[in-house]
Amino acid sequence: MPRDHNRVCMTGRLARDPELKRSQSGKSVLSFTLAVDNSYKDKAGELVPGVYWHPCVAWGGPADKIAKYCRKGDRILIEGRLSTREHTDKSGERRWRTEVIVENIVFLGSKGDGAQQSAQTHAGSGYAGSSGSLRGEDGFDNDFPLDFSEIGGGDGDVQIPF
């Protein structure tokens, strides 16, 4: 019997500075919002700006890497799965929240997308700049099919081929 497929892959910018927390068992956990462009052209051909706000949760190595290397406005590619959880709010109403559980990350650059700015922002952090690869670092999954930072043209702006 075929298995269902639950995979998410998207690029976007961090909506705010990440704040790393610990679970009761001591595992790193990071909740953040990824802002993904949703601009479109209207009937008159004018560009209408828009954005999707995707809630995301990272655990362990990916959480540590995002907290260490990323700031508000930084572009990242995330890969993971959708998860919906149920909870009861303060008024007793049942609520559901769908979020992306992040399993892999690729750093695509700082808000300014300038390699020099990125190197200064992350100086001394071990971050290789807006076009540096993180393959081989603890928590980075080398089985991820492609690290887009490895194919950048050196100007800090990686063109994603899809």
# chains A, B, ... in the order shown; residues from 1 in each chain; ligands from 1

$ select_by_dssp --residues "range 41-79 of chain A" --states "strand (DSSP E)" --output "PyMOL selection string"
chain A and resi 41+47-48+51-59+75-79

$ write_last_selection --atoms "N, CA, C and O atoms" --output "compact mmCIF listing (two decimals), in the first residue's frame"
# COMPACT_ATOMS: atom_id res chain seq x y z
N LYS A 41 0.11 39.86 -9.79
CA LYS A 41 -0.34 40.94 -10.66
C LYS A 41 -1.86 40.92 -10.76
O LYS A 41 -2.47 39.86 -10.98
N LEU A 47 1.53 45.13 -9.86
CA LEU A 47 1.99 44.21 -8.84
C LEU A 47 1.33 44.55 -7.50
O LEU A 47 1.39 45.69 -7.03
N VAL A 48 0.67 43.58 -6.92
CA VAL A 48 0.02 43.74 -5.62
C VAL A 48 0.85 42.99 -4.59
O VAL A 48 0.99 41.77 -4.68
N VAL A 51 1.94 38.75 1.48
CA VAL A 51 2.85 37.86 2.20
C VAL A 51 2.03 36.78 2.91
O VAL A 51 0.91 37.02 3.35
N TYR A 52 2.59 35.58 2.94
CA TYR A 52 2.05 34.50 3.77
C TYR A 52 2.91 34.44 5.02
O TYR A 52 4.13 34.54 4.96
N TRP A 53 2.29 34.23 6.17
CA TRP A 53 3.00 34.11 7.44
C TRP A 53 2.85 32.66 7.91
O TRP A 53 1.77 32.25 8.30
N HIS A 54 3.94 31.89 7.84
CA HIS A 54 3.89 30.47 8.18
C HIS A 54 4.52 30.22 9.55
O HIS A 54 5.71 30.50 9.74
N PRO A 55 3.74 29.68 10.51
CA PRO A 55 4.33 29.32 11.80
C PRO A 55 5.18 28.07 11.65
O PRO A 55 4.80 27.11 10.98
N CYS A 56 6.37 28.11 12.26
CA CYS A 56 7.34 27.00 12.15
C CYS A 56 7.88 26.65 13.52
O CYS A 56 7.97 27.52 14.41
N VAL A 57 8.26 25.39 13.69
CA VAL A 57 8.90 24.92 14.92
C VAL A 57 10.10 24.07 14.54
O VAL A 57 10.00 23.19 13.69
N ALA A 58 11.25 24.37 15.15
CA ALA A 58 12.46 23.59 14.94
C ALA A 58 12.91 23.02 16.28
O ALA A 58 12.80 23.69 17.31
N TRP A 59 13.41 21.80 16.25
CA TRP A 59 13.89 21.11 17.46
C TRP A 59 15.35 20.74 17.28
O TRP A 59 15.80 20.49 16.17
N ARG A 75 17.08 35.48 5.09
CA ARG A 75 16.42 34.50 4.22
C ARG A 75 16.93 33.11 4.54
O ARG A 75 18.13 32.89 4.65
N ILE A 76 16.00 32.17 4.67
CA ILE A 76 16.36 30.78 4.86
C ILE A 76 15.45 29.91 4.00
O ILE A 76 14.35 30.32 3.63
N LEU A 77 15.95 28.74 3.70
CA LEU A 77 15.13 27.70 3.07
C LEU A 77 14.90 26.67 4.15
O LEU A 77 15.85 26.27 4.84
N ILE A 78 13.65 26.28 4.33
CA ILE A 78 13.35 25.24 5.31
C ILE A 78 12.73 24.06 4.60
O ILE A 78 12.06 24.22 3.57
N GLU A 79 12.97 22.88 5.15
CA GLU A 79 12.39 21.66 4.63
C GLU A 79 11.91 20.88 5.83
O GLU A 79 12.59 20.80 6.85

$ atom_distance --atom1 "CA of Pro49 in chain A" --atom2 "CA of Asp74 in chain A"
19.0 Å
